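To be precise, the following lines are coords24.tsv, and they hold TSV, C-alpha atoms.
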chain	number	residue	atom	x	y	z
Y	1	MET	CA	86.07	30.20	-124.63
Y	2	ALA	CA	82.91	28.59	-123.25
Y	3	LEU	CA	79.65	29.17	-125.03
Y	4	ARG	CA	76.80	30.84	-123.20
Y	5	PRO	CA	73.77	28.62	-122.57
Y	6	GLU	CA	70.83	28.83	-124.93
Y	7	PRO	CA	68.04	31.17	-123.78
Y	8	THR	CA	65.63	29.43	-121.43
Y	9	ALA	CA	61.88	29.92	-121.12
Y	10	PRO	CA	62.02	32.97	-118.80
Y	11	PHE	CA	64.35	34.82	-121.17
Y	12	LEU	CA	62.28	33.93	-124.25
Y	13	ALA	CA	59.24	35.25	-122.38
Y	14	VAL	CA	61.04	38.54	-121.86
Y	15	GLN	CA	61.93	38.76	-125.56
Y	16	HIS	CA	58.28	38.18	-126.48
Y	17	ALA	CA	57.13	40.74	-123.92
Y	18	LEU	CA	59.49	43.35	-125.34
Y	19	ARG	CA	58.16	42.71	-128.84
Y	20	VAL	CA	54.63	43.26	-127.55
Y	21	LEU	CA	55.61	46.47	-125.75
Y	22	GLU	CA	57.38	47.80	-128.84
Y	23	THR	CA	54.18	47.22	-130.83
Y	24	VAL	CA	51.95	48.86	-128.23
Y	25	SER	CA	54.36	51.80	-128.03
Y	26	ALA	CA	54.17	52.27	-131.81
Y	27	TYR	CA	50.39	52.79	-131.56
Y	28	GLY	CA	50.10	55.70	-129.16
Y	29	SER	CA	46.28	55.81	-129.20
Y	30	GLY	CA	45.87	52.06	-128.62
Y	31	VAL	CA	46.22	48.80	-130.53
Y	32	THR	CA	44.01	45.72	-130.65
Y	33	GLU	CA	45.13	42.22	-129.70
Y	34	ASP	CA	44.63	41.09	-133.32
Y	35	THR	CA	47.03	43.77	-134.56
Y	36	ILE	CA	49.58	42.89	-131.89
Y	37	ALA	CA	49.38	39.24	-132.92
Y	38	ARG	CA	49.85	40.14	-136.58
Y	39	ARG	CA	52.79	42.47	-135.89
Y	40	THR	CA	54.62	40.18	-133.46
Y	41	GLY	CA	53.80	36.80	-135.00
Y	42	LEU	CA	52.98	35.39	-131.56
Y	43	PRO	CA	50.25	32.72	-131.36
Y	44	THR	CA	46.95	33.95	-129.93
Y	45	PRO	CA	46.86	31.74	-126.77
Y	46	HIS	CA	50.44	32.72	-125.83
Y	47	LEU	CA	49.79	36.39	-126.59
Y	48	GLY	CA	46.64	36.42	-124.46
Y	49	SER	CA	48.53	35.01	-121.48
Y	50	LEU	CA	51.38	37.45	-122.03
Y	51	LEU	CA	49.05	40.46	-122.22
Y	52	LEU	CA	47.37	39.33	-119.01
Y	53	THR	CA	50.77	39.26	-117.25
Y	54	LEU	CA	51.74	42.66	-118.64
Y	55	ARG	CA	48.43	44.12	-117.45
Y	56	ARG	CA	48.87	42.61	-114.00
Y	57	GLU	CA	52.37	44.09	-113.74
Y	58	GLY	CA	51.12	47.48	-114.97
Y	59	TYR	CA	53.18	47.60	-118.17
Y	60	VAL	CA	50.09	47.87	-120.39
Y	61	GLU	CA	46.53	49.03	-119.79
Y	62	GLN	CA	43.32	48.20	-121.64
Y	63	VAL	CA	41.17	51.19	-122.56
Y	64	ALA	CA	37.40	51.35	-123.02
Y	65	ASP	CA	37.34	49.97	-126.56
Y	66	GLY	CA	39.54	47.01	-125.59
Y	67	ALA	CA	42.69	48.37	-127.20
Y	68	TYR	CA	46.01	48.27	-125.35
Y	69	VAL	CA	48.16	51.26	-124.41
Y	70	LEU	CA	51.36	51.56	-122.41
Y	71	GLY	CA	50.88	51.52	-118.64
Y	72	SER	CA	51.66	54.49	-116.44
Y	73	PRO	CA	54.94	53.05	-115.02
Y	74	LEU	CA	56.44	53.02	-118.51
Y	75	LEU	CA	55.09	56.44	-119.40
Y	76	MET	CA	56.64	57.85	-116.24
Y	77	MET	CA	60.05	56.47	-117.08
Y	78	GLY	CA	62.11	59.27	-118.50
Y	79	SER	CA	65.87	59.21	-118.92
Y	80	GLY	CA	68.93	59.61	-116.75
Y	81	ALA	CA	68.61	59.80	-112.96
Y	82	ALA	CA	64.81	59.96	-112.94
Y	83	ARG	CA	64.55	56.74	-114.94
Y	84	CYS	CA	67.06	54.98	-112.67
Y	85	ARG	CA	65.15	56.01	-109.54
Y	86	SER	CA	61.87	54.85	-111.08
Y	87	MET	CA	63.32	51.48	-112.07
Y	88	GLU	CA	65.01	50.93	-108.69
Y	89	SER	CA	61.78	51.77	-106.86
Y	90	ARG	CA	59.78	49.35	-108.98
Y	91	LEU	CA	62.37	46.60	-108.58
Y	92	GLN	CA	62.45	47.13	-104.81
Y	93	THR	CA	58.67	46.78	-104.65
Y	94	MET	CA	58.83	43.56	-106.65
Y	95	LEU	CA	61.63	42.19	-104.45
Y	96	SER	CA	59.66	43.01	-101.30
Y	97	GLN	CA	56.62	41.21	-102.67
Y	98	LEU	CA	58.78	38.22	-103.52
Y	99	ARG	CA	60.33	38.28	-100.02
Y	100	ASP	CA	56.88	38.08	-98.49
Y	101	SER	CA	55.85	35.35	-100.92
Y	102	VAL	CA	58.79	33.02	-100.22
Y	103	GLY	CA	59.37	34.02	-96.59
Y	104	ALA	CA	63.06	34.72	-97.14
Y	105	ALA	CA	65.44	37.61	-97.70
Y	106	VAL	CA	65.78	38.27	-101.45
Y	107	TYR	CA	68.74	39.72	-103.34
Y	108	LEU	CA	69.31	41.18	-106.81
Y	109	SER	CA	72.94	40.82	-107.85
Y	110	ARG	CA	75.06	41.66	-110.89
Y	111	TYR	CA	78.57	41.12	-112.14
Y	112	VAL	CA	79.87	44.67	-112.56
Y	113	ASP	CA	83.39	45.60	-113.72
Y	114	GLY	CA	84.74	42.18	-112.79
Y	115	GLU	CA	83.17	42.06	-109.34
Y	116	VAL	CA	80.14	40.50	-107.62
Y	117	ALA	CA	77.75	43.27	-106.57
Y	118	ILE	CA	74.60	42.95	-104.46
Y	119	THR	CA	72.62	45.83	-105.95
Y	120	GLN	CA	69.33	45.51	-104.04
Y	121	VAL	CA	68.09	43.57	-101.00
Y	122	ALA	CA	64.63	43.00	-99.57
Y	123	ASP	CA	64.82	41.72	-95.99
Y	124	GLY	CA	62.94	42.25	-92.74
Y	125	PRO	CA	62.73	41.32	-89.06
Y	126	LEU	CA	61.40	37.85	-89.90
Y	127	THR	CA	63.57	37.46	-93.01
Y	128	PRO	CA	67.04	38.74	-92.08
Y	129	ALA	CA	69.72	39.13	-94.71
Y	130	VAL	CA	72.88	37.03	-94.66
Y	131	ASN	CA	75.60	38.27	-92.33
Y	132	GLU	CA	78.35	39.33	-94.76
Y	133	TRP	CA	81.18	38.00	-92.64
Y	134	VAL	CA	83.40	37.73	-95.72
Y	135	ASP	CA	83.10	40.32	-98.49
Y	136	PHE	CA	80.82	38.85	-101.17
Y	137	ARG	CA	83.30	40.04	-103.82
Y	138	SER	CA	85.86	37.64	-102.38
Y	139	ALA	CA	83.46	34.74	-101.87
Y	140	ALA	CA	82.01	34.08	-105.32
Y	141	HIS	CA	83.25	30.48	-105.20
Y	142	ALA	CA	81.24	29.80	-102.04
Y	143	SER	CA	78.00	31.78	-102.28
Y	144	ALA	CA	74.95	30.91	-104.39
Y	145	VAL	CA	75.02	34.45	-105.81
Y	146	GLY	CA	78.69	34.22	-106.76
Y	147	LYS	CA	78.46	30.76	-108.30
Y	148	CYS	CA	75.37	31.75	-110.29
Y	149	LEU	CA	77.17	34.81	-111.68
Y	150	LEU	CA	80.38	32.90	-112.42
Y	151	ALA	CA	78.33	30.27	-114.29
Y	152	GLN	CA	77.24	33.03	-116.70
Y	153	LEU	CA	80.81	34.05	-117.53
Y	154	ASP	CA	83.04	32.42	-120.11
Y	155	HIS	CA	86.07	30.40	-119.03
Y	156	ASP	CA	88.59	33.23	-119.40
Y	157	ASP	CA	86.52	35.67	-117.34
Y	158	ARG	CA	86.08	33.04	-114.63
Y	159	ARG	CA	89.83	32.41	-114.54
Y	160	ASP	CA	90.42	36.14	-114.30
Y	161	HIS	CA	88.04	36.40	-111.36
Y	162	ILE	CA	89.57	33.48	-109.48
Y	163	SER	CA	93.07	34.85	-110.11
Y	164	ARG	CA	92.03	38.01	-108.24
Y	165	HIS	CA	89.93	36.29	-105.56
Y	166	LYS	CA	91.40	33.05	-104.30
Y	167	THR	CA	89.11	30.15	-103.42
Y	168	ALA	CA	89.58	30.28	-99.66
Y	169	ARG	CA	87.93	27.71	-97.39
Y	170	LEU	CA	85.13	29.51	-95.54
Y	171	THR	CA	83.41	26.41	-94.09
Y	172	SER	CA	84.01	22.68	-94.26
Y	173	ARG	CA	81.67	22.56	-97.28
Y	174	THR	CA	83.42	25.22	-99.39
Y	175	ILE	CA	84.75	24.10	-102.76
Y	176	THR	CA	88.35	25.32	-102.98
Y	177	ASP	CA	89.59	23.30	-105.96
Y	178	GLU	CA	89.29	25.48	-109.10
Y	179	LYS	CA	88.87	22.53	-111.47
Y	180	VAL	CA	86.11	21.02	-109.37
Y	181	LEU	CA	84.37	24.40	-109.10
Y	182	PHE	CA	84.51	25.08	-112.84
Y	183	SER	CA	83.37	21.54	-113.65
Y	184	ARG	CA	80.31	21.92	-111.42
Y	185	LEU	CA	79.50	25.31	-112.91
Y	186	ASP	CA	79.74	23.94	-116.46
Y	187	SER	CA	77.59	20.90	-115.73
Y	188	HIS	CA	74.89	22.77	-113.80
Y	189	PRO	CA	71.68	23.13	-115.88
Y	190	SER	CA	70.86	26.80	-116.51
Y	191	THR	CA	67.21	26.18	-115.57
Y	192	VAL	CA	68.06	24.74	-112.13
Y	193	PRO	CA	68.71	27.08	-109.16
Y	194	VAL	CA	72.27	27.20	-107.83
Y	195	LEU	CA	72.42	26.24	-104.14
Y	196	ASP	CA	74.73	27.15	-101.29
Y	197	LEU	CA	74.32	24.63	-98.49
Y	198	GLN	CA	76.42	26.27	-95.75
Y	199	GLU	CA	79.33	26.80	-98.14
Y	200	TYR	CA	79.59	30.54	-97.43
Y	201	ALA	CA	78.46	30.60	-93.80
Y	202	VAL	CA	77.57	27.96	-91.23
Y	203	GLY	CA	73.90	28.25	-90.38
Y	204	THR	CA	72.74	29.69	-93.73
Y	205	VAL	CA	71.49	28.13	-96.97
Y	206	CYS	CA	70.90	30.07	-100.18
Y	207	ALA	CA	69.63	29.67	-103.73
Y	208	ALA	CA	70.15	31.77	-106.86
Y	209	VAL	CA	68.71	31.77	-110.38
Y	210	PRO	CA	70.30	33.46	-113.42
Y	211	MET	CA	68.94	36.63	-115.00
Y	212	THR	CA	71.13	36.83	-118.09
Y	213	ALA	CA	70.00	39.63	-120.39
Y	214	GLY	CA	72.29	40.20	-123.37
Y	215	SER	CA	75.92	40.33	-122.22
Y	216	SER	CA	75.06	41.29	-118.64
Y	217	ALA	CA	75.30	38.66	-115.89
Y	218	ALA	CA	72.78	39.02	-113.08
Y	219	CYS	CA	70.89	36.80	-110.68
Y	220	LEU	CA	68.03	36.68	-108.22
Y	221	ALA	CA	68.75	34.97	-104.90
Y	222	LEU	CA	67.33	34.18	-101.47
Y	223	SER	CA	68.69	33.07	-98.12
Y	224	LEU	CA	67.26	31.06	-95.22
Y	225	PRO	CA	68.54	30.00	-91.80
Y	226	VAL	CA	69.63	26.37	-91.85
Y	227	GLU	CA	66.70	25.35	-89.64
Y	228	ASP	CA	64.44	26.29	-92.58
Y	229	ALA	CA	66.53	24.36	-95.11
Y	230	HIS	CA	63.53	22.10	-95.82
Y	231	ARG	CA	61.87	25.11	-97.50
Y	232	LEU	CA	64.82	25.96	-99.74
Y	233	ARG	CA	63.96	24.02	-102.88
Y	234	ALA	CA	60.31	25.10	-102.93
Y	235	ALA	CA	61.35	28.71	-102.35
Y	236	ALA	CA	63.95	28.44	-105.12
Y	237	GLU	CA	61.31	27.14	-107.53
Y	238	THR	CA	59.13	30.17	-106.74
Y	239	LEU	CA	62.17	32.36	-107.33
Y	240	ASN	CA	62.68	30.75	-110.73
Y	241	ARG	CA	59.08	31.42	-111.73
Y	242	ARG	CA	59.36	35.08	-110.79
Y	243	VAL	CA	62.52	35.80	-112.82
Y	244	ALA	CA	60.74	36.89	-116.02
Y	245	PRO	CA	58.93	39.98	-114.59
Y	246	LEU	CA	62.17	41.17	-112.98
Y	247	LEU	CA	64.09	40.58	-116.20
Y	248	LEU	CA	61.51	42.66	-118.01
Y	249	SER	CA	61.97	45.52	-115.53
Y	250	LEU	CA	65.75	45.38	-116.05
Y	251	ALA	CA	65.37	45.35	-119.83
Y	252	LEU	CA	63.08	48.38	-120.03
Produce structure tokens that represent the structure in this file.
Amino acid sequence: MALRPEPTAPFLAVQHALRVLETVSAYGSGVTEDTIARRTGLPTPHLGSLLLTLRREGYVEQVADGAYVLGSPLLMMGSGAARCRSMESRLQTMLSQLRDSVGAAVYLSRYVDGEVAITQVADGPLTPAVNEWVDFRSAAHASAVGKCLLAQLDHDDRRDHISRHKTARLTSRTITDEKVLFSRLDSHPSTVPVLDLQEYAVGTVCAAVPMTAGSSAACLALSLPVEDAHRLRAAAETLNRRVAPLLLSLAL
């Protein structure tokens, strides 16, 4: 069984953010930065930057005396259906902002019950989504989303997936050899976006970055028409930088 990759910077940032939020939550009337630093063990410069990000995203607020309290989005999150609707709405807003930032359709995807699932999409007239000409569940070997999710699975789970969804040739660039596919997935650095250069569909290029949180496999992806392929790597780098806030939303 293949080992999962070590946590990368975005995931460590999420772990640190959760520790900060747990501390702030424990002090209902507010807690100072010094107390947060003492309780979490995080260095002051890193903590200051993290608190600034959490304030910008609305997860914490600073009251008149400088103490920190939980932000209204977290306080509004209840349980059950209401919490799910609140989280989905917040994620959709973040995806829409990211779409406008990178100038591309953006996708949030997960591996659910042995299948690739596109759970949320932010597209628009100027940033159309990929034409799903082949069911994404059957095209994990060819799409950036699918390859990114498969890379987060262990060897046995990958074999199980491929046994149920054969590696059909969708374009001349599609990898159909299972050994070659698995070798590329294993050798691909976890910090580098996974690319699809017209492997799923002629005329479309895509990129995906992992969003592994615990045992759940997820990814953030974007797509561009091939005439905008020159923007793909820069857009993918922006995508990579924006993973941590989305991971935090999924973890809460």
For this session: State, in Å with one decimal place, the distance from atom CA of Leu195 of chain Y to atom CA of Ala144 of chain Y.
Result: 5.3 Å
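Proximity to Tyr59 of chain Y at 6 Å, evaluated using all atoms listed in the file and with sequence-adjacent residues fewer than 4 positions away removed, yields Y:Leu54, Y:Arg55, Y:Gly71.
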For this session: With a distance cut-off of 10 Å and all atoms listed in the file, select the neighbouring residues of Ala139 of chain Y, excluding the residue or stretch itself and same-chain residues fewer than 2 positions from it, and output the selection as an NGL selection string.
Result: :Y and (116 or 132 or 134-137 or 141-147 or 162 or 165-170 or 174 or 199-200)
For this session: Give me the residues within 10 Å of Arg242 of chain Y as a ChimeraX atom specification, counting all atoms listed in the file and dropping any in the same chain fewer than 3 places off.
Result: /Y:10,94-95,98,209,220,236-239,245-247
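A straight line drawn from atom CA of Gly58 of chain Y to atom CA of Cys148 of chain Y is 29.3 Å long.
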